[in-house]
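K.L.:
data.cif (mmCIF, C-alpha atoms) pasted underneath:
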```cif
data_model
loop_
_atom_site.group_PDB
_atom_site.id
_atom_site.type_symbol
_atom_site.label_atom_id
_atom_site.label_comp_id
_atom_site.auth_asym_id
_atom_site.auth_seq_id
_atom_site.Cartn_x
_atom_site.Cartn_y
_atom_site.Cartn_z
ATOM 1 C CA MET O 1079 87.435 112.763 64.835
ATOM 2 C CA ILE O 1080 85.852 114.218 67.972
ATOM 3 C CA THR O 1081 86.983 111.173 69.940
ATOM 4 C CA THR O 1082 90.546 111.696 68.752
ATOM 5 C CA VAL O 1083 90.509 115.355 69.789
ATOM 6 C CA VAL O 1084 89.069 114.549 73.222
ATOM 7 C CA LEU O 1085 91.681 111.855 73.840
ATOM 8 C CA ALA O 1086 94.497 114.104 72.630
ATOM 9 C CA VAL O 1087 93.384 116.900 74.935
ATOM 10 C CA TYR O 1088 93.158 114.426 77.810
ATOM 11 C CA ALA O 1089 96.711 113.208 77.120
ATOM 12 C CA PHE O 1090 97.905 116.827 76.911
ATOM 13 C CA LEU O 1091 96.351 117.626 80.276
ATOM 14 C CA ALA O 1092 97.973 114.583 81.900
ATOM 15 C CA GLY O 1093 101.344 115.096 80.274
ATOM 16 C CA ALA O 1094 101.784 118.875 80.228
ATOM 17 C CA VAL O 1095 99.221 120.708 82.390
ATOM 18 C CA VAL O 1096 98.652 118.699 85.580
ATOM 19 C CA PRO O 1097 102.306 117.856 86.508
ATOM 20 C CA ALA O 1098 103.360 121.402 87.481
ATOM 21 C CA PRO O 1099 100.514 122.125 89.940
ATOM 22 C CA LEU O 1100 100.759 118.584 91.320
ATOM 23 C CA SER O 1101 104.461 119.069 92.059
ATOM 24 C CA ARG O 1102 103.598 122.279 93.958
ATOM 25 C CA ALA O 1103 100.620 120.874 95.871
ATOM 26 C CA ARG O 1104 100.960 121.199 99.641
ATOM 27 C CA TRP O 1105 99.540 117.786 100.466
ATOM 28 C CA THR O 1106 102.127 115.802 98.490
ATOM 29 C CA HIS O 1107 104.942 116.048 101.037
ATOM 30 C CA ARG O 1108 102.501 115.393 103.868
ATOM 31 C CA SER O 1109 101.458 112.074 102.335
ATOM 32 C CA PRO O 1110 104.374 110.792 100.224
ATOM 33 C CA VAL O 1111 102.973 107.295 99.684
ATOM 34 C CA LEU O 1112 99.781 108.711 98.224
ATOM 35 C CA SER O 1113 101.811 111.151 96.144
ATOM 36 C CA VAL O 1114 103.896 108.384 94.577
ATOM 37 C CA LEU O 1115 100.680 106.577 93.643
ATOM 38 C CA ALA O 1116 99.341 109.793 92.097
ATOM 39 C CA TRP O 1117 102.434 110.227 89.912
ATOM 40 C CA GLN O 1118 102.340 106.581 88.833
ATOM 41 C CA GLY O 1119 98.647 106.894 87.980
ATOM 42 C CA LEU O 1120 99.254 110.054 85.989
ATOM 43 C CA MET O 1121 101.913 108.337 83.889
ATOM 44 C CA VAL O 1122 99.614 105.387 83.202
ATOM 45 C CA THR O 1123 96.859 107.843 82.270
ATOM 46 C CA PHE O 1124 99.119 109.588 79.756
ATOM 47 C CA VAL O 1125 100.121 106.290 78.121
ATOM 48 C CA VAL O 1126 96.527 105.042 77.886
ATOM 49 C CA ALA O 1127 95.162 108.336 76.542
ATOM 50 C CA THR O 1128 97.997 108.712 74.023
ATOM 51 C CA MET O 1129 97.629 105.129 72.853
ATOM 52 C CA LEU O 1130 93.915 105.523 72.222
ATOM 53 C CA ALA O 1131 94.353 108.933 70.577
ATOM 54 C CA VAL O 1132 96.931 107.485 68.174
ATOM 55 C CA TYR O 1133 94.692 104.510 67.547
ATOM 56 C CA HIS O 1134 91.712 106.647 66.549
ATOM 57 C CA LEU O 1135 93.889 109.021 64.555
ATOM 58 C CA VAL O 1136 95.361 106.237 62.426
ATOM 59 C CA LEU O 1137 92.165 104.258 62.072
ATOM 60 C CA THR O 1138 90.469 105.148 58.800
ATOM 61 C CA GLU O 1139 87.296 103.105 59.137
ATOM 62 C CA GLN O 1140 85.468 103.474 62.436
ATOM 63 C CA HIS O 1141 84.969 99.845 63.421
ATOM 64 C CA ALA O 1142 85.178 100.689 67.103
ATOM 65 C CA HIS O 1143 81.523 101.695 67.408
ATOM 66 C CA ALA O 1144 80.724 98.319 68.922
ATOM 67 C CA GLY O 1145 82.352 99.353 72.192
ATOM 68 C CA LEU O 1146 85.101 97.586 74.086
ATOM 69 C CA VAL O 1147 84.697 94.295 72.225
ATOM 70 C CA GLY O 1148 85.250 96.079 68.965
ATOM 71 C CA LEU O 1149 88.342 97.806 70.285
ATOM 72 C CA LEU O 1150 89.788 94.530 71.545
ATOM 73 C CA THR O 1151 88.997 92.871 68.226
ATOM 74 C CA LEU O 1152 90.829 95.531 66.279
ATOM 75 C CA CYS O 1153 93.793 95.278 68.644
ATOM 76 C CA GLY O 1154 93.894 91.510 68.100
ATOM 77 C CA LEU O 1155 92.914 90.718 71.691
ATOM 78 C CA ALA O 1156 89.592 89.136 70.744
ATOM 79 C CA ALA O 1157 90.310 87.467 67.441
ATOM 80 C CA ASP O 1158 87.046 85.578 67.280
ATOM 81 C CA ALA O 1159 84.894 88.637 67.922
ATOM 82 C CA THR O 1160 83.369 90.709 65.204
ATOM 83 C CA VAL O 1161 82.357 94.338 65.166
ATOM 84 C CA GLY O 1162 78.919 94.885 63.832
ATOM 85 C CA GLY O 1163 79.311 91.736 61.734
ATOM 86 C CA ALA O 1164 82.461 93.026 60.048
ATOM 87 C CA VAL O 1165 85.881 91.439 60.306
ATOM 88 C CA PRO O 1166 88.888 93.800 60.537
ATOM 89 C CA THR O 1167 90.777 94.019 57.262
ATOM 90 C CA LEU O 1168 94.396 94.752 56.438
ATOM 91 C CA SER O 1169 93.545 98.426 56.201
ATOM 92 C CA ASP O 1170 93.027 98.398 59.994
ATOM 93 C CA THR O 1171 96.517 97.055 60.748
ATOM 94 C CA PRO O 1172 98.318 100.431 61.182
ATOM 95 C CA ALA O 1173 95.937 101.500 63.950
ATOM 96 C CA PRO O 1174 96.625 98.716 66.475
ATOM 97 C CA VAL O 1175 100.304 98.684 65.539
ATOM 98 C CA ALA O 1176 100.659 102.424 66.171
ATOM 99 C CA ALA O 1177 98.718 102.156 69.434
ATOM 100 C CA ALA O 1178 100.824 99.213 70.571
ATOM 101 C CA ALA O 1179 103.998 101.197 69.829
ATOM 102 C CA VAL O 1180 102.972 103.854 72.350
ATOM 103 C CA VAL O 1181 102.723 101.164 75.041
ATOM 104 C CA LEU O 1182 105.802 99.227 73.964
ATOM 105 C CA LEU O 1183 108.030 102.298 74.001
ATOM 106 C CA PRO O 1184 108.032 102.780 77.806
ATOM 107 C CA VAL O 1185 107.939 99.004 78.338
ATOM 108 C CA VAL O 1186 111.091 98.510 76.283
ATOM 109 C CA ARG O 1187 112.727 101.438 78.039
ATOM 110 C CA LEU O 1188 111.742 99.905 81.385
ATOM 111 C CA ALA O 1189 113.392 96.610 80.451
ATOM 112 C CA ARG O 1190 116.567 98.381 79.344
ATOM 113 C CA CYS O 1191 116.707 100.538 82.476
ATOM 114 C CA ALA O 1192 116.141 97.499 84.690
ATOM 115 C CA TRP O 1193 118.933 95.601 82.957
ATOM 116 C CA ARG O 1194 121.355 98.525 83.198
ATOM 117 C CA ALA O 1195 120.558 99.037 86.885
ATOM 118 C CA HIS O 1196 121.033 95.323 87.546
ATOM 119 C CA ARG O 1197 124.416 95.322 85.797
ATOM 120 C CA ALA O 1198 125.472 98.467 87.681
ATOM 121 C CA ARG O 1199 124.538 96.894 91.009
ATOM 122 C CA LEU O 1200 126.467 93.725 90.185
ATOM 123 C CA ARG O 1201 129.560 95.752 89.281
ATOM 124 C CA HIS O 1202 129.306 97.676 92.541
ATOM 125 C CA LEU O 1203 128.884 94.458 94.501
ATOM 126 C CA ASP O 1204 132.069 93.131 92.905
ATOM 127 C CA LEU O 1205 133.814 96.325 94.000
ATOM 128 C CA LEU O 1206 132.473 95.975 97.534
ATOM 129 C CA ALA O 1207 133.827 92.442 97.666
ATOM 130 C CA LEU O 1208 137.297 93.927 97.138
ATOM 131 C CA VAL O 1209 137.205 97.081 99.267
ATOM 132 C CA GLY O 1210 134.361 96.472 101.724
ATOM 133 C CA GLU O 1211 134.455 94.918 105.157
ATOM 134 C CA PRO O 1212 131.424 93.121 106.618
ATOM 135 C CA ALA O 1213 130.015 94.714 109.768
ATOM 136 C CA PRO O 1214 127.549 92.166 111.198
ATOM 137 C CA GLU O 1215 126.846 94.343 114.228
ATOM 138 C CA HIS O 1216 125.349 96.949 111.870
ATOM 139 C CA GLY O 1217 124.056 94.593 109.213
ATOM 140 C CA ALA O 1218 126.072 96.545 106.658
ATOM 141 C CA THR O 1219 129.276 96.688 104.649
ATOM 142 C CA VAL O 1220 131.874 99.260 105.660
ATOM 143 C CA VAL O 1221 133.972 101.023 103.011
ATOM 144 C CA ASP O 1222 137.172 102.835 103.928
ATOM 145 C CA HIS O 1223 136.278 106.286 102.600
ATOM 146 C CA HIS O 1224 136.611 109.567 104.474
ATOM 147 C CA VAL O 1225 133.413 111.212 103.131
ATOM 148 C CA PRO O 1226 130.367 110.352 105.316
ATOM 149 C CA ALA O 1227 127.828 108.411 103.259
ATOM 150 C CA VAL O 1228 125.200 105.735 103.870
ATOM 151 C CA TYR O 1229 123.327 104.027 101.038
ATOM 152 C CA CYS O 1230 121.753 100.770 99.982
ATOM 153 C CA LEU O 1231 121.868 98.600 96.882
ATOM 154 C CA PRO O 1232 118.342 97.255 96.208
ATOM 155 C CA GLY O 1233 117.363 94.217 94.211
ATOM 156 C CA ARG O 1234 118.133 90.546 94.612
ATOM 157 C CA TYR O 1235 121.534 91.054 96.242
ATOM 158 C CA ARG O 1236 120.536 93.859 98.559
ATOM 159 C CA ARG O 1237 123.196 95.520 100.635
ATOM 160 C CA VAL O 1238 123.521 98.457 103.040
ATOM 161 C CA VAL O 1239 126.830 100.327 102.749
ATOM 162 C CA VAL O 1240 128.417 102.695 105.289
ATOM 163 C CA THR O 1241 131.623 104.623 104.784
ATOM 164 C CA ARG O 1242 134.278 104.908 107.465
ATOM 165 C CA GLY O 1243 133.699 108.645 107.458
ATOM 166 C CA ALA O 1244 130.058 108.108 108.458
ATOM 167 C CA LEU O 1245 131.084 105.846 111.344
ATOM 168 C CA ASP O 1246 133.451 108.556 112.567
ATOM 169 C CA VAL O 1247 130.892 111.388 112.637
ATOM 170 C CA LEU O 1248 127.665 109.588 113.577
ATOM 171 C CA SER O 1249 126.703 108.582 117.073
ATOM 172 C CA GLU O 1250 125.368 105.106 117.682
ATOM 173 C CA GLU O 1251 121.773 106.341 117.734
ATOM 174 C CA GLN O 1252 122.257 108.427 114.587
ATOM 175 C CA LEU O 1253 123.787 105.462 112.797
ATOM 176 C CA ARG O 1254 120.847 103.258 113.730
ATOM 177 C CA ALA O 1255 118.471 105.922 112.408
ATOM 178 C CA VAL O 1256 120.088 106.184 108.963
ATOM 179 C CA LEU O 1257 120.438 102.406 108.752
ATOM 180 C CA GLU O 1258 116.715 102.095 109.434
ATOM 181 C CA HIS O 1259 116.137 104.629 106.658
ATOM 182 C CA GLU O 1260 118.067 102.434 104.211
ATOM 183 C CA ARG O 1261 116.350 99.237 105.331
ATOM 184 C CA ALA O 1262 113.021 100.968 104.737
ATOM 185 C CA HIS O 1263 114.120 101.472 101.122
ATOM 186 C CA LEU O 1264 114.900 97.782 100.787
ATOM 187 C CA ARG O 1265 111.708 96.558 102.442
ATOM 188 C CA GLY O 1266 109.545 98.957 100.435
ATOM 189 C CA ARG O 1267 111.299 98.189 97.122
ATOM 190 C CA HIS O 1268 111.530 101.912 96.493
ATOM 191 C CA HIS O 1269 113.795 101.357 93.516
ATOM 192 C CA LEU O 1270 110.817 100.092 91.486
ATOM 193 C CA PRO O 1271 108.851 103.387 91.206
ATOM 194 C CA ARG O 1272 112.122 105.199 90.527
ATOM 195 C CA LEU O 1273 112.920 102.677 87.821
ATOM 196 C CA TRP O 1274 109.532 103.235 86.181
ATOM 197 C CA THR O 1275 109.867 107.018 86.228
ATOM 198 C CA ASP O 1276 113.385 106.736 84.800
ATOM 199 C CA ALA O 1277 112.089 104.566 81.961
ATOM 200 C CA PHE O 1278 109.152 106.915 81.373
ATOM 201 C CA SER O 1279 111.422 109.956 81.153
ATOM 202 C CA ARG O 1280 113.650 108.166 78.644
ATOM 203 C CA ALA O 1281 110.630 107.092 76.601
ATOM 204 C CA PHE O 1282 109.125 110.593 76.526
ATOM 205 C CA PRO O 1283 112.053 113.049 76.827
ATOM 206 C CA GLY O 1284 111.061 116.671 77.166
ATOM 207 C CA LEU O 1285 107.585 115.858 78.470
ATOM 208 C CA PRO O 1286 106.814 117.910 81.622
ATOM 209 C CA LEU O 1287 105.210 114.871 83.244
ATOM 210 C CA ALA O 1288 108.400 112.841 82.756
ATOM 211 C CA ARG O 1289 110.597 115.539 84.294
ATOM 212 C CA HIS O 1290 108.358 116.277 87.267
ATOM 213 C CA ALA O 1291 107.551 112.620 87.966
ATOM 214 C CA GLU O 1292 111.217 111.643 88.033
ATOM 215 C CA GLU O 1293 112.212 114.519 90.307
ATOM 216 C CA GLN O 1294 109.274 114.175 92.679
ATOM 217 C CA THR O 1295 109.379 110.378 92.931
ATOM 218 C CA ALA O 1296 113.075 110.441 93.857
ATOM 219 C CA LEU O 1297 112.269 112.920 96.653
ATOM 220 C CA LEU O 1298 109.067 111.219 97.800
ATOM 221 C CA VAL O 1299 110.583 107.753 98.269
ATOM 222 C CA GLU O 1300 113.216 109.353 100.512
ATOM 223 C CA MET O 1301 110.424 110.942 102.531
ATOM 224 C CA ILE O 1302 108.717 107.559 102.831
ATOM 225 C CA ALA O 1303 111.928 106.065 104.190
ATOM 226 C CA ASP O 1304 112.274 109.023 106.571
ATOM 227 C CA ASP O 1305 108.799 108.364 107.928
ATOM 228 C CA ARG O 1306 109.630 104.697 108.500
ATOM 229 C CA ALA O 1307 112.797 105.623 110.399
ATOM 230 C CA LEU O 1308 110.878 108.150 112.516
ATOM 231 C CA ARG O 1309 108.697 105.371 113.881
ATOM 232 C CA SER O 1310 111.582 104.213 116.059
ATOM 233 C CA HIS O 1311 113.896 107.240 116.267
ATOM 234 C CA ALA O 1312 113.615 110.851 117.366
ATOM 235 C CA ARG O 1313 113.263 113.569 114.765
ATOM 236 C CA GLU O 1314 116.374 115.406 115.947
ATOM 237 C CA THR O 1315 118.405 112.221 115.730
ATOM 238 C CA LEU O 1316 117.424 111.490 112.144
ATOM 239 C CA ALA O 1317 117.780 115.138 111.108
ATOM 240 C CA THR O 1318 121.306 115.506 112.505
ATOM 241 C CA ALA O 1319 122.325 112.180 110.962
ATOM 242 C CA MET O 1320 120.969 113.258 107.571
ATOM 243 C CA TYR O 1321 122.844 116.544 107.832
ATOM 244 C CA ALA O 1322 126.076 114.664 108.525
ATOM 245 C CA VAL O 1323 125.773 112.433 105.431
ATOM 246 C CA ALA O 1324 124.007 114.907 103.131
ATOM 247 C CA ALA O 1325 127.135 115.637 101.076
ATOM 248 C CA GLY O 1326 127.960 111.985 100.452
ATOM 249 C CA ARG O 1327 127.630 110.874 96.824
ATOM 250 C CA VAL O 1328 126.169 107.444 96.133
ATOM 251 C CA PRO O 1329 126.129 105.230 93.031
ATOM 252 C CA ARG O 1330 123.340 105.879 90.536
ATOM 253 C CA ALA O 1331 121.884 102.404 91.092
ATOM 254 C CA ALA O 1332 121.711 102.962 94.858
ATOM 255 C CA LEU O 1333 119.433 104.821 97.265
ATOM 256 C CA GLY O 1334 121.065 107.097 99.826
ATOM 257 C CA ALA O 1335 120.050 108.901 102.995
ATOM 258 C CA GLY O 1336 121.585 112.198 101.825
ATOM 259 C CA GLY O 1337 121.805 113.703 98.363
ATOM 260 C CA ALA O 1338 119.480 116.055 96.511
ATOM 261 C CA GLY O 1339 116.412 117.193 98.388
ATOM 262 C CA ALA O 1340 118.041 116.773 101.797
ATOM 263 C CA LEU O 1341 117.250 120.366 102.775
ATOM 264 C CA ILE O 1342 113.546 119.921 101.957
ATOM 265 C CA ARG O 1343 113.461 116.674 103.904
ATOM 266 C CA LEU O 1344 115.210 118.250 106.898
ATOM 267 C CA GLY O 1345 112.591 120.983 107.046
ATOM 268 C CA ARG O 1346 109.839 118.389 106.802
ATOM 269 C CA ILE O 1347 111.332 116.314 109.627
ATOM 270 C CA LEU O 1348 111.942 119.210 112.010
ATOM 271 C CA ALA O 1349 108.639 120.982 111.264
ATOM 272 C CA PRO O 1350 106.131 118.169 110.738
ATOM 273 C CA GLN O 1351 102.781 118.926 109.131
ATOM 274 C CA PRO O 1352 99.536 117.012 109.701
ATOM 275 C CA ARG O 1353 98.476 114.437 107.161
ATOM 276 C CA PRO O 1354 95.943 115.537 104.546
ATOM 277 C CA ARG O 1355 92.329 115.251 105.532
ATOM 278 C CA ARG O 1356 90.583 111.963 104.948
ATOM 279 C CA LEU O 1357 88.382 113.516 102.275
ATOM 280 C CA THR O 1358 91.482 114.761 100.414
ATOM 281 C CA ARG O 1359 93.129 111.350 100.565
ATOM 282 C CA LEU O 1360 90.013 109.602 99.317
ATOM 283 C CA GLY O 1361 89.633 112.155 96.527
ATOM 284 C CA VAL O 1362 93.225 111.642 95.366
ATOM 285 C CA LEU O 1363 92.835 107.867 95.477
ATOM 286 C CA ALA O 1364 89.599 108.045 93.496
ATOM 287 C CA ALA O 1365 91.162 110.358 90.910
ATOM 288 C CA THR O 1366 94.232 108.137 90.591
ATOM 289 C CA ALA O 1367 92.094 105.046 90.054
ATOM 290 C CA THR O 1368 89.599 106.569 87.614
ATOM 291 C CA ALA O 1369 91.907 108.789 85.544
ATOM 292 C CA PRO O 1370 93.314 105.909 83.432
ATOM 293 C CA LEU O 1371 89.806 104.531 82.889
ATOM 294 C CA LEU O 1372 88.233 107.707 81.502
ATOM 295 C CA PRO O 1373 90.037 107.455 78.122
ATOM 296 C CA LEU O 1374 88.664 103.924 77.762
ATOM 297 C CA LEU O 1375 85.159 105.196 78.411
ATOM 298 C CA VAL O 1376 85.636 107.926 75.808
ATOM 299 C CA ALA O 1377 87.020 105.485 73.243
ATOM 300 C CA CYS O 1378 84.530 102.715 73.924
ATOM 301 C CA GLY O 1379 81.543 104.755 75.040
ATOM 302 C CA HIS O 1380 79.667 104.075 71.837
#
```
As a first step, turn the structure in this file into structure tokens.
P.N.:
Amino acid sequence: MITTVVLAVYAFLAGAVVPAPLSRARWTHRSPVLSVLAWQGLMVTFVVATMLAVYHLVLTEQHAHAGLVGLLTLCGLAADATVGGAVPTLSDTPAPVAAAAVVLLPVVRLARCAWRAHRARLRHLDLLALVGEPAPEHGATVVDHHVPAVYCLPGRYRRVVVTRGALDVLSEEQLRAVLEHERAHLRGRHHLPRLWTDAFSRAFPGLPLARHAEEQTALLVEMIADDRALRSHARETLATAMYAVAAGRVPRAALGAGGAGALIRLGRILAPQPRPRRLTRLGVLAATATAPLLPLLVACGH
């Protein structure tokens, strides 16, 4: 029973207590790549801790005292192993099933979100085939629309899209800057962490971690793309280009240079802050790597 309480408290901390201060931490916007890893690690930690807490709550006979081998045996992952000479009986079945359900819930949601995003991208590609014009000199597709917007469609059939309004208001250098921003999204596969946070929020609606992770990840991947574009373009150029396309709306399955969080990103670009100290970065990496493992140590420590 103590193990169950400890695991439940650990899951509560990961899912309800830590997200708010992490979203307000000063270092997150100064190191967006590390921040995305931290949010992903926190979500994995919540799933692992919740799974093990449910497992120990449902389990009526404590066969798990033989450590990790016993836990794997009860979960059906080590069918030939025995726990203290005892073979799991039918009375143990609800425990691994309930624990597996906690893991399968976000996995199923992830598959559904991935399929929906894929279908949405295919529909938009069909639309672009009708209304878009190839622009080889920009490596993009131009759409005749008066609102300035630049975005990309990730995935297998990746595409960068520019509206005619954006071509009218952006200089050549500004256009190259926002195009580099979009190509950074495609090269970095930034749609994948956003897809995972979307699935997690659908699997655990109302959970503070789900809400904060989705909001922060969407902002952080844009910051990552900003940093990539700044390697080859001036800050003022990227900032003015972002301002010009900030009001442009993009499809849900796409990633755009403007949109929500543009004001925060503009301030970050024009007033850059130093990266977190090496000790801070190492501490965050260590915490991200060990946090999902601690519930396993608690559950299998015997």
K.L.:
Take the PyMOL selection byres ((chain O and resi 1090) around 12), run it mentally on this structure, and tell me the resulting residues as JSON, numbers by chain.
P.N.:
{"O": [1083, 1084, 1085, 1086, 1087, 1088, 1089, 1091, 1092, 1093, 1094, 1095, 1096, 1097, 1120, 1121, 1123, 1124, 1125, 1126, 1127, 1128, 1131, 1285, 1286, 1287]}
K.L.:
What does the distance from CA of His1202 (chain O) to CA of Arg1242 (chain O) come to in Å, to one decimal?
P.N.:
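Answer for the CA of His1202 (chain O) to CA of Arg1242 (chain O) separation: 17.3 Å.
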K.L.:
Could you check the closest approach to Asp1305 (chain O) for each of O:His1268, O:Arg1187, O:His1134, O:Arg1108 and tell me which residue wins, using only C-alpha atoms?
P.N.:
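The answer is O:Arg1108, which sits nearest to Asp1305 (chain O).
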K.L.:
The PyMOL selection byres ((chain O and resi 1197-1199) around 10) - which residues does that actually catch in the file I just gave you? List them as a ChimeraX atom specification.
P.N.:
/O:1191-1196,1200-1205,1231-1237,1329-1332
K.L.:
I'd like the interatomic distance between CA of Pro1354 (chain O) and CA of Trp1105 (chain O), to a tenth of an Å.
P.N.:
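CA of Pro1354 (chain O) sits 5.9 Å away from CA of Trp1105 (chain O).
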K.L.:
Restricting the calculation to all atoms listed in the file, which member of O:Val1247, O:Leu1344, O:Ile1302, O:Leu1182 is positioned closest to Ala1262 (chain O)?
P.N.:
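Residue with the minimum atom-to-atom distance to Ala1262 (chain O): O:Ile1302.
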K.L.:
What is the CA of His1269 (chain O) to CA of Asp1304 (chain O) distance in Å?
P.N.:
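For CA of His1269 (chain O) relative to CA of Asp1304 (chain O), the distance reads 15.2 Å.
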K.L.:
Taking into account only C-alpha atoms, which residue in the set O:Arg1272, O:Arg1190, O:His1224, O:Arg1353 is nearest to Gln1118 (chain O)?
P.N.:
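That would be O:Arg1272, the residue with the smallest distance to Gln1118 (chain O).
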